[in-house]
Each structure stands twice: as C-alpha cells, then as structure tokens.
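A.B. asks: A single structure is presented below for examination.
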Amino acid sequence: MGQFGIGQPLRRKEDPRLLQGRGQYTDDVNVEGQFWGAFLRSPHAHADILSIDLEAARAAPGVKAVYTSADLDADGVPDMPCEVELADLAGAPMWKPMRPILARDRVRFVGECVALVVAQTQKQAREAAELIEIDWSPLPSVADAREALKAGAPILWPELGQNTPVHWQNKPSLEADAAMAGAAWRVDVNIINNRLVPAPMEPKAALASWNEQEGESLGKLTLWAPTQGGRKIQANLAKRYLRIAQDRMRVISLDVGGGFGMRGQTYPEYVALVWAAKQIGGAVKWRADRTETFFSDYHGRDQVNEAQMGLDEYGRIVALKIHTLVNLGAYMAENGPRMPIEGGGRIIPCCYHVPHFYFSVKPVFTNTVSTDTYRGAGRPEANFLMERLMDAAAEATGLTRDEVRRRNFITEFPYKTPMGYVIDSGEFARGMDEAMRMAEWDTFEDRRAEAYSRGYLRGIGVAAFIEAAGGRAPTEDMRVRAELDGTVTIFSGSHAHGQGHDTVFSQLLNEFLGVEPARVRLVQGDTDVTPKGSIGTFGSRSSMMGGAGIKASCEKLVAKGVKIAAHLMQSEPDAVTFSEGVFHAGGSEMSFTEVATAAWDATRIPEGMTPGLDEGHNFQREAENFPNGCHVCEVEIDPETGIAEIVRYVAVDDCGAVLNPLIVHGQVYGGVTQGLGQAMIEHALYDAEGQFVSATYMDYGMPRAHRMPFVEAGFNTVACRTNPLGVKGAGEAGACGAPPAFIGALVDALRDYGVTHMDMPATPEKIWRAIYGAQFDTQKSDGIYAEVT
Amino acid sequence: MHNFDYHAPKTLDSALALLRDKEDGKIIAGGMTLLPTLKQRLAAPSDLVDLATLSELKGVRRDGDEIVIGAMTTHADVAANADVQSLIPGLAHLASVIGDPAVRHRGTIGGSVANADPAADYPAAVVALNATIVTNKREIAGDDFFVSLFETALERDEIITSVRFPIPERAGYEKFRHPASGYAVVGVMVAKFGDKVRVGVTGAAGSAFRATDFEAALEKSFTPDVLLGIAVSPDDLLSDIHCTNEYRAHLVNVMARRAIAAA
C-alpha cells in the first residue's frame, strides 16, 4: 500500500537516533552504587593451575570481592553445557565436556576466564586482577584441527582420550563409493575455511544488578548486555545458574552494535556477573576492551573440508563425498558441532541435485576460543565447498562454469535434500542468467585481454548459493497495541541489532493498519516487556517470524476493530470493511485511529468486549525458507604485488517477497563485505604455542569501506510458499556468495599459472607466490582424506 | 592505564627540566603509539610531558635549499602544506598516506621519527632525503639517526625540535600498506640530487636503511627499469605473520621502481 507499505524503499527510521548518539547501548547504562568487574584471563593455551593466591588482590584498594571456581562450586553453580546431541552411525552419543564458568584446575585456551574481581572502579578491579598470583604448570597445546588429530597430539580432554568427540556420518559411504566408482569424471577439492572473529562494532559489556527493594518476593536480577533477544539467556541464567523463577531475571538489550550470531549465547562472563551481583546484593558492571572482545565472543568458521565429486559423461553429478573437520575450540559452545551438520547440513549439497551423498564430520577440540554461529553458520562453508567443486567440475569436464551448474541445478520444487530438508521454491538458473547478464559475462574475454595489455591479470567468478533462514526455534511472539494518541506500539520478540526492524515492521503496520511509520513505536530487547514467548533474531528469521507474527496480530486487531466500528456506526460487522486504514460501513467511515481510541473506552464498545486494540500472536512456522542467489565477481590482479582489486561485483538475490529493497540491499552489502573480508584479509590466527596472534585490529584485517566494491544488486524474486508474507531471509546470503565468487575469480585470473584453488584469506603474498611459486617453497596442506575415512 | 602525572610545559626549557627531574618521565607528542601502549598497560611512565602546547615546535617553512618542519607538525599539515607540495611533492604524498585521517591529524613528524617504528613512513624520507634531525642539543644526520628497532641516536634528555629536508631535484614515495594497520609493509622513497641518488627503505627491516645497490644503478640511469634484476637479499629483512622476508625483499624492488615512476 502507498508510499510506506510493503516493497517500498523506505529509509531507515532508526538511523537519526542511532547516528546522533541517542542509542541506548549496554555501556550507556549505569546503576547508582555499581561496582566494576574485571576478569583475569589465562595467558596460557593449556596449563594446570597449581595454586591461586588471592590475598594481595583481596587486600587491594576498593576491592569488594574476588571469585574463582571454588566460590561458584561452593554455591552449586553448574558448569556450561553444549546443547547439541549427536551420535555416530552405531548410535553411540557424542561425548560432551562441560565448561566451568571460571576455570577449575586447568585452562585450555588463551583468554579463558580464571577469576572475577569486583571493585569500586574499573581501574581498581583491573589492577587487583593483576595482583592475583597463579602458579601455572604449562602443558603442550594444539590449535590446528588437523594437527590435533595426529598421533601424539596434546589431548584436551584426557577422559575422552582423543580430540574428537564423535565421528558423525549421514550414512555409510557404500552407495556413494559405488556411484563414484562408476563416474566418468572425479574431482577432488581440499579446503581450509579460515577462522574469523565476529568483530561487532560494540565491544562486549554487561551490567548485572540485584534489586531487593521491592521485597523478598519481588526482588529481581537485571542483566543489561548486548544480546540478540535475551529470552533464552534469561531462561538459562534464571533456571540453570541461579535457580530462581525465570521472571525473577530480566535481560535488557535495547540497542546492540552488531550480533552476527555471536551475541545470542549465555556467555560465562554473564553467569559470573549475575551471580556476583546476587552475592554482593548490588550491581556489577563490566566492559571488555577490544582485545578482550576478541577472546570473549565465540569465533566463526574454522573448518577443513575434503571432498570428492563424481560426474557422468554429461556432466551430471552422480556422487559426492565430503569429509569435514570442524575446530570446536577447547570447549563445546552452545551450538559448536552443529555448524557443519545442521547449520550447513540444512542446505548441503546446496543448489544441486546429488543422487548419492556421503557426509562425514569430525568435530575437533583444540586450545582455542570456542567456535559457534557466525553470519551464515555453516552455510557459507557448505556453499564455498560446493562452488569450488563446481569450478573443478567445469575444469575437468571442459564444460563452462555456468553450464556445469545449469546441468545440476535443482529445478523441481518442493525438493527434498539428501539430508531430509524440503526446499519450497527457487529459480536458480534464472538467477544465474540474470547475474551473468548484469555482469556482462559474455564480453569478459575482451576485458581480460585489455587488462593483460596493461600488465594486469583479470578473472571472473560465478557463485550460486542457497541459504536456510528461520533459525532453530520454530516460533516467535509478537504483539501490536494501538495507543490512545494514535500511535501503535509493537512489542517485538524479534530483536534488531542492525537489521532495520523499526523501518520494516513499520511498513508492515502501514500495509495492514494504514498507520504512518512515524506513528509506530518498536519496543524490543527487554524480557519484562516483550511477549513471554519471544525468541529473538538469528538465522535471518525476523522477516518471516516477526513479520508473520505482526501480520497475524494486525489481522486480529482489524477483526476486533470491525466489531467496534460496526457498533459505533450502527452497522453489522459483516457489512464493515477495512482498507487503507479506514473502516467503511455503507456511507459511513471511521479511521483506524478513531476506532482504536474508542476501543479503550468501555462505554463505546460492544457489551462484554474487553477494551482495547491489543493483540499478540505466537507465530509457528510451517517450514524454514531458503534464500538463494548468484554472485559474479570480477578481479584484476597486479602480478608484481599480488594485490587483487575487485573491479566489478554483481549480486542477484532471491529473498522471496521484498519488504524493503533498500534494507535488503543493505543486508546484501553487509553480507558481501563480511564474505569478502573472509576471502581477502580476515584471519583469526594462532601460532604453534596456541597464542592468538591476530587479536587486535592492528593485525586482524577488517574489510574497509574504501576497499569494498560497488555492489550491483538485483533481485530474482520467487515468493516463498511456506510463510504468510512469502519472504525469505536476506541477512546471511552475502556471506555465502562472496567467498566463492571472489576465489573463483582469482583462480580464473591465475589459470595460466596452474592455480586450481586458493585458500582464504587470499592475501597478496599468497597470490604473488602462486604467480612466482616455482621460486619458493609453497605451503602445502597435508590433506585429511586418509585420516578421517 | 596506570596512573601518571601529566605536564603541559609552556616552553621547551621547562619540558626539558621536567624530563630531567622526573624519575621515569616520557614525552608525548601526538600519542599515536604511546596512548595505545598506555591503554594496554604495557608502559607505566611516572610522568607524561606533553609537547602539544609548544607552538615553537609547529609549522613548516622554507629555509634556502631546505624545508624545515617543526617536530610537532601533524602529518595532515605536512601533506597540505603548499611549499612541501610544490618543492618535495613525494614528501607531501608520504605524509598523506600515513595511517588514517584520525592518525594524520594527531600524529606528528617528531613523534614518528623519535619512535622509530620499523613500519613507519617518515624514516624512509629521513634516509632518502638525507634529512637533518635537529634537537635541543645538536643536529643529527639522517644516516646516523636510526639505530635499530624502536631505537634512535636520541639521548635521554633530548627533544627533537625540527626536521630539515634538503629539497631534491626529484623524489617519489611508494608504499605497500598493511591491510589491517595501514603501516608500511614496505615503503620506499627515491630521491635524486643532481647526479646523486638516495633510496630509503622502511617497513622491510628493523629500521630504515639505504638500498645502496639501487642507488648505484640509478645514478647511471634514473629509470625504473634499471632496477629490474637487482635482487634484494631477504636475509636481514623482517618475517612475521603478515609477510615473509622473501615477499618483503621482492616488494622493495617493486616499490622502488614505482617510486621512481612517481618521482
């Protein structure tokens, strides 16, 4: 409807507030009389704690308390579990370690929390933490997943006796082996998918406050923290760690400076801080600096993939075998081993029909920060692997890169994947055609020749990808309330931390109720205020889950409004219609605002009706949705330096019905930027001693605006068939398409040098070595195929 | 950050007096290196002596055949200075590619040179242009100033007041930026003074150095191509998580040729 409804490129209404410094982030909140917390973190990758001397720290100025695992144990605070259940083919369950909130007897990665100091000021807390004396006994450590599986590698968990807690397989490999044996072509691809830090703009912070003022029965703990919704964290903190009723815990995250999937977890710092606040009967604030944020937020990716694909004489896939190692870190985070198996597993083998599919995953413990969900959560890894395989298939069969994809695209929907998920819709070939048309693929060879005449190497890459959006939780709770002043408030279970919900949800209200966006207020991120069934935002779910919840709430509002309007206009409800914000009955009409205002007046509504237009809906989805798309990237390499510049980037996305193209494109730019960051410069790097050596922005390469290409974005819209708005997610798509598009382009540019693959990040030195490789030893990966079969 | 006493002296003499009197006093210029170090609690000086209020240390002027840049002049001011732009455009370019805009508006030439970060840009210019480092005590030749990693010829109670750059016939600077920090992985300045050529290299080794093989070749023919085939030994160059010494050695040659082309 109109200029503010669905499909309009409305500019972000939250931006003036956020850009003018009027956001309310965790660190903006202070409680009178608050203390400050500081964590002492392990400097060792692996070490036994022989003794801890807290005397000097406890005696330091301003110190209120110093806590270690002994204090938490004495109060019966349990350790942190991983929520994933897996089993091997014989049915033996995955072995799972528990993570102590504060390290008990042993540390297993650099940055692990060992003690919490609570003092009057942040400075006092930090200085006191430095006075804690620990007698360490360092142990050998391992940071690389492949190294951790070798004989003689340091073992993280002696009680397990090895570094892999399960060997998960989708099925025995017999069928795939047989099909592979009969294949006309076989291609092998070995990939290291580099470890990343989430790097949100807002460093980690928390404020935990115990408020007993309202008396024993109403006293409450409040945690302000940058979460992606907070309801699950509320439940965890209350029920598991503090053993209080869930509503005695309140979690507030009003504005959050970036989530990326890494801010939905119940981090050990939160547990320690709320517990400490309760212990001291006051408030404790903590603010991590940037390097501490590098160690505190869970990391992303860090997989090793080894795959073999067989094709018949027509270039159709007959079998695919994938062996994946996923580096879990020292502990299993909430979702850790889920990344390849369920994160990527929901879409693997991506856009293609694979008759015989074998998938093997070994999660691996190493002396590093735990890995968990990060923008795409397993799907970028799966798409990267498949697209490298398709390029290899083109090379082997002699088909063009688009043709080999075309011959294998899934074309009939609904389509059940080998992993049992059902993709409702898609037009993959059409999306690829459009992306190639926009990128002028046909005339690329002219541009390659022109670049060569200037001394540059030019290449082009194409990457089709598919995503799964909706997240694990199948419900979301939304509420819409018409106020007396003509405004409408959304109480949102979905949580915006950059996505632009205020804008898009306002458009939905405009569409369904005729309310102007300026009169819509979004309330989010406070478990005392948002609906009790609220979940939050992750897995590109808010357009479908929150959007459908709003739509249904609005329908309930209108249905009630029709009855009230009929009553007021002395008509029958059947004779009342509602369109563009106006109730019509015969020749009479009332605006939504008039009816909403009357609705709160018990004397003006039908007898027995509850006053107010205030309706909520807990949306239960039928299925996830499957965003997909095709990106084309064109690069130009300076062969003398190895610097690759992206000279053209086209992204064509099918994210279903588009609620706001400006917001969707923004999501795509962000995702592409994170994907190119991974492909070009980002690397959470550990050295042989398990030290995290790129834990500052001086060493960790973040993609900068001036190095990012202009993204030509287009749509290949295919409405989703399984949700009321026809939407598909958009948030993670870019991170899936960009890495294979960029690497595909690089490899194409370097084809004359015999390059068939390049691991990420493809730094200038790596590219230079590929060109001048014969002169120097190049690093060769060992390969894991033999070890994991 | 550890506690320290902060001083903002009005004159160079009082700054020097503070430096002499305080047990572990340290000068702060733009603070682009010192402040992060303090924040990370890696340094704990007893006193900080801030030179920001000493206007006598700021500004750019021409003095005969030289450009004189006050020690407290920011990189942005050097880059934007009309005399530098017209007389030593390579130096203006160098100043314009240091760090990012925030760094260029806080960081100073004196601070950069005194800190002697192996990846800083200015050392390449000090060496290539044969600059003179002027202190409260003496004048130090560019060739003698950089001793090793973060170490210079400066004494404990010595403050740089200005840097004097001879105006060359031609000079160019080219750098390979570190993608994360913006520092020079390799930066090369090439300067021609009549029939003499000087080549200053920063980023590649523990401190800035002259590429004398290049100089000899360039004095015969000041063209990029004469450097093709003159290999730089990687032996004494830096190797770290970002780049190997072999790659740095290669880049020294590439950046030198591009600096000549830009000169």
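Quick note on naming: the chains in the structure tokens go A, B, ... in the order shown, residues restart at 1 in each chain, and ligands are numbered from 1 in order of appearance.
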What are the residues of chain A lining chain B at 10 Å or less? Count only C-alpha atoms, and put the answer as an MDAnalysis selection string.
C.D. replies: chainID A and resid 123 126:127 289 291 640:641 643 680:682 685:687 693:694 696:704 707 763:766 768:769 776
A.B. asks: Write out as a list in words which residues come within 7 Å of B:Glu169 when counting only C-alpha atoms, dropping same-chain ones fewer than 3 positions away.
C.D. replies: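 So, after excluding close chain neighbours, the residues are Lys192, Phe193 and Gly194 of chain B.
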A.B. asks: Please compute the atom CA of A:Pro606-atom CA of A:Gly561 distance, one decimal, in Å.
C.D. replies: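 For atom CA of A:Pro606 relative to atom CA of A:Gly561, the distance reads 10.9 Å.
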A.B. asks: Which residues in stretch 58-148 of chain B does DSSP call helix (DSSP H, G or I)? List them as JSON, numbers by chain.
C.D. replies: {"B": [75, 76, 77, 78, 79, 80, 82, 83, 84, 85, 86, 87, 89, 90, 91, 92, 93, 94, 95, 96, 101, 102, 103, 104, 105, 106, 109, 110, 111, 112, 113, 114, 115, 122, 123, 124, 125, 126, 127, 128, 142, 143, 144, 145]}
A.B. asks: Have a look at atom CA of A:Thr610 and atom CA of A:Ile564 and let me know their distance in Å, one decimal.
C.D. replies: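 Interatomic distance here is 10.9 Å.
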A.B. asks: Which residues are near A:Val523? Cut-off 8 Å, only C-alpha atoms, ignore same chain within fewer than 4 positions. Put them as a PDB file with all heavy atoms, in the first residue's frame.
C.D. replies:
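The result, stored in result.pdb:
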ATOM      1  N   THR A 489       2.118   0.594  19.017  1.00  0.00           N
ATOM      2  CA  THR A 489       3.354   0.044  19.563  1.00  0.00           C
ATOM      3  C   THR A 489       3.472  -1.429  19.196  1.00  0.00           C
ATOM      4  O   THR A 489       2.503  -2.182  19.327  1.00  0.00           O
ATOM      5  CB  THR A 489       3.377   0.190  21.101  1.00  0.00           C
ATOM      6  OG1 THR A 489       3.165   1.562  21.430  1.00  0.00           O
ATOM      7  CG2 THR A 489       4.720  -0.265  21.667  1.00  0.00           C
ATOM      8  N   ILE A 490       4.660  -1.791  18.742  1.00  0.00           N
ATOM      9  CA  ILE A 490       4.956  -3.205  18.501  1.00  0.00           C
ATOM     10  C   ILE A 490       5.826  -3.692  19.648  1.00  0.00           C
ATOM     11  O   ILE A 490       6.891  -3.122  19.915  1.00  0.00           O
ATOM     12  CB  ILE A 490       5.723  -3.410  17.178  1.00  0.00           C
ATOM     13  CG1 ILE A 490       4.936  -2.859  15.998  1.00  0.00           C
ATOM     14  CG2 ILE A 490       6.049  -4.889  16.963  1.00  0.00           C
ATOM     15  CD1 ILE A 490       5.748  -2.806  14.706  1.00  0.00           C
ATOM     16  N   PHE A 491       5.359  -4.730  20.326  1.00  0.00           N
ATOM     17  CA  PHE A 491       6.193  -5.385  21.327  1.00  0.00           C
ATOM     18  C   PHE A 491       6.789  -6.606  20.627  1.00  0.00           C
ATOM     19  O   PHE A 491       6.085  -7.565  20.328  1.00  0.00           O
ATOM     20  CB  PHE A 491       5.365  -5.777  22.551  1.00  0.00           C
ATOM     21  CG  PHE A 491       4.804  -4.570  23.255  1.00  0.00           C
ATOM     22  CD1 PHE A 491       3.554  -4.065  22.924  1.00  0.00           C
ATOM     23  CD2 PHE A 491       5.538  -3.918  24.226  1.00  0.00           C
ATOM     24  CE1 PHE A 491       3.042  -2.943  23.554  1.00  0.00           C
ATOM     25  CE2 PHE A 491       5.036  -2.789  24.869  1.00  0.00           C
ATOM     26  CZ  PHE A 491       3.775  -2.294  24.526  1.00  0.00           C
ATOM     27  N   SER A 492       8.069  -6.516  20.365  1.00  0.00           N
ATOM     28  CA  SER A 492       8.667  -7.434  19.411  1.00  0.00           C
ATOM     29  C   SER A 492       9.527  -8.500  20.072  1.00  0.00           C
ATOM     30  O   SER A 492      10.425  -8.187  20.861  1.00  0.00           O
ATOM     31  CB  SER A 492       9.531  -6.623  18.424  1.00  0.00           C
ATOM     32  OG  SER A 492      10.191  -7.483  17.540  1.00  0.00           O
ATOM     33  N   VAL A 529       9.137  -6.769  29.135  1.00  0.00           N
ATOM     34  CA  VAL A 529       8.182  -6.017  28.317  1.00  0.00           C
ATOM     35  C   VAL A 529       7.784  -6.754  27.047  1.00  0.00           C
ATOM     36  O   VAL A 529       6.637  -6.698  26.618  1.00  0.00           O
ATOM     37  CB  VAL A 529       8.791  -4.630  27.951  1.00  0.00           C
ATOM     38  CG1 VAL A 529       7.815  -3.829  27.119  1.00  0.00           C
ATOM     39  CG2 VAL A 529       9.159  -3.862  29.214  1.00  0.00           C
ATOM     40  N   THR A 530       8.728  -7.444  26.439  1.00  0.00           N
ATOM     41  CA  THR A 530       8.399  -8.166  25.205  1.00  0.00           C
ATOM     42  C   THR A 530       7.588  -9.416  25.544  1.00  0.00           C
ATOM     43  O   THR A 530       7.611  -9.888  26.681  1.00  0.00           O
ATOM     44  CB  THR A 530       9.683  -8.544  24.435  1.00  0.00           C
ATOM     45  OG1 THR A 530      10.535  -9.281  25.313  1.00  0.00           O
ATOM     46  CG2 THR A 530      10.402  -7.314  23.952  1.00  0.00           C
TER      47      THR A 530
END
A.B. asks: Would you please extract all strand (DSSP E) residues from stretch 5-109 of chain B, as assigned by DSSP on the backbone, and give them as number ranges by chain?
C.D. replies: B: 5-7, 25-28, 47-50, 60-63, 66-70
A.B. asks: I'd like the neighbourhood of B:Arg20 as a PyMOL selection string, where a residue qualifies if any of its atoms comes within 10 Å (using only C-alpha atoms), though same-chain residues fewer than 6 positions away should be ignored.
C.D. replies: chain B and resi 14+156-158
A.B. asks: Please produce an output containing N, CA and C atoms for each residue in the selection, written as an mmCIF file, in the first residue's frame.
C.D. replies:
data_model
loop_
_atom_site.group_PDB
_atom_site.id
_atom_site.type_symbol
_atom_site.label_atom_id
_atom_site.label_comp_id
_atom_site.auth_asym_id
_atom_site.auth_seq_id
_atom_site.Cartn_x
_atom_site.Cartn_y
_atom_site.Cartn_z
ATOM 1 N N SER B 14 61.308 24.262 29.970
ATOM 2 C CA SER B 14 60.617 23.626 31.101
ATOM 3 C C SER B 14 60.283 22.173 30.782
ATOM 4 N N ARG B 156 68.641 10.545 26.368
ATOM 5 C CA ARG B 156 67.538 10.570 27.333
ATOM 6 C C ARG B 156 66.894 11.967 27.447
ATOM 7 N N ASP B 157 67.725 12.993 27.502
ATOM 8 C CA ASP B 157 67.177 14.344 27.725
ATOM 9 C C ASP B 157 67.252 15.167 26.442
ATOM 10 N N GLU B 158 66.880 14.551 25.361
ATOM 11 C CA GLU B 158 66.978 15.223 24.068
ATOM 12 C C GLU B 158 65.600 15.233 23.405
#
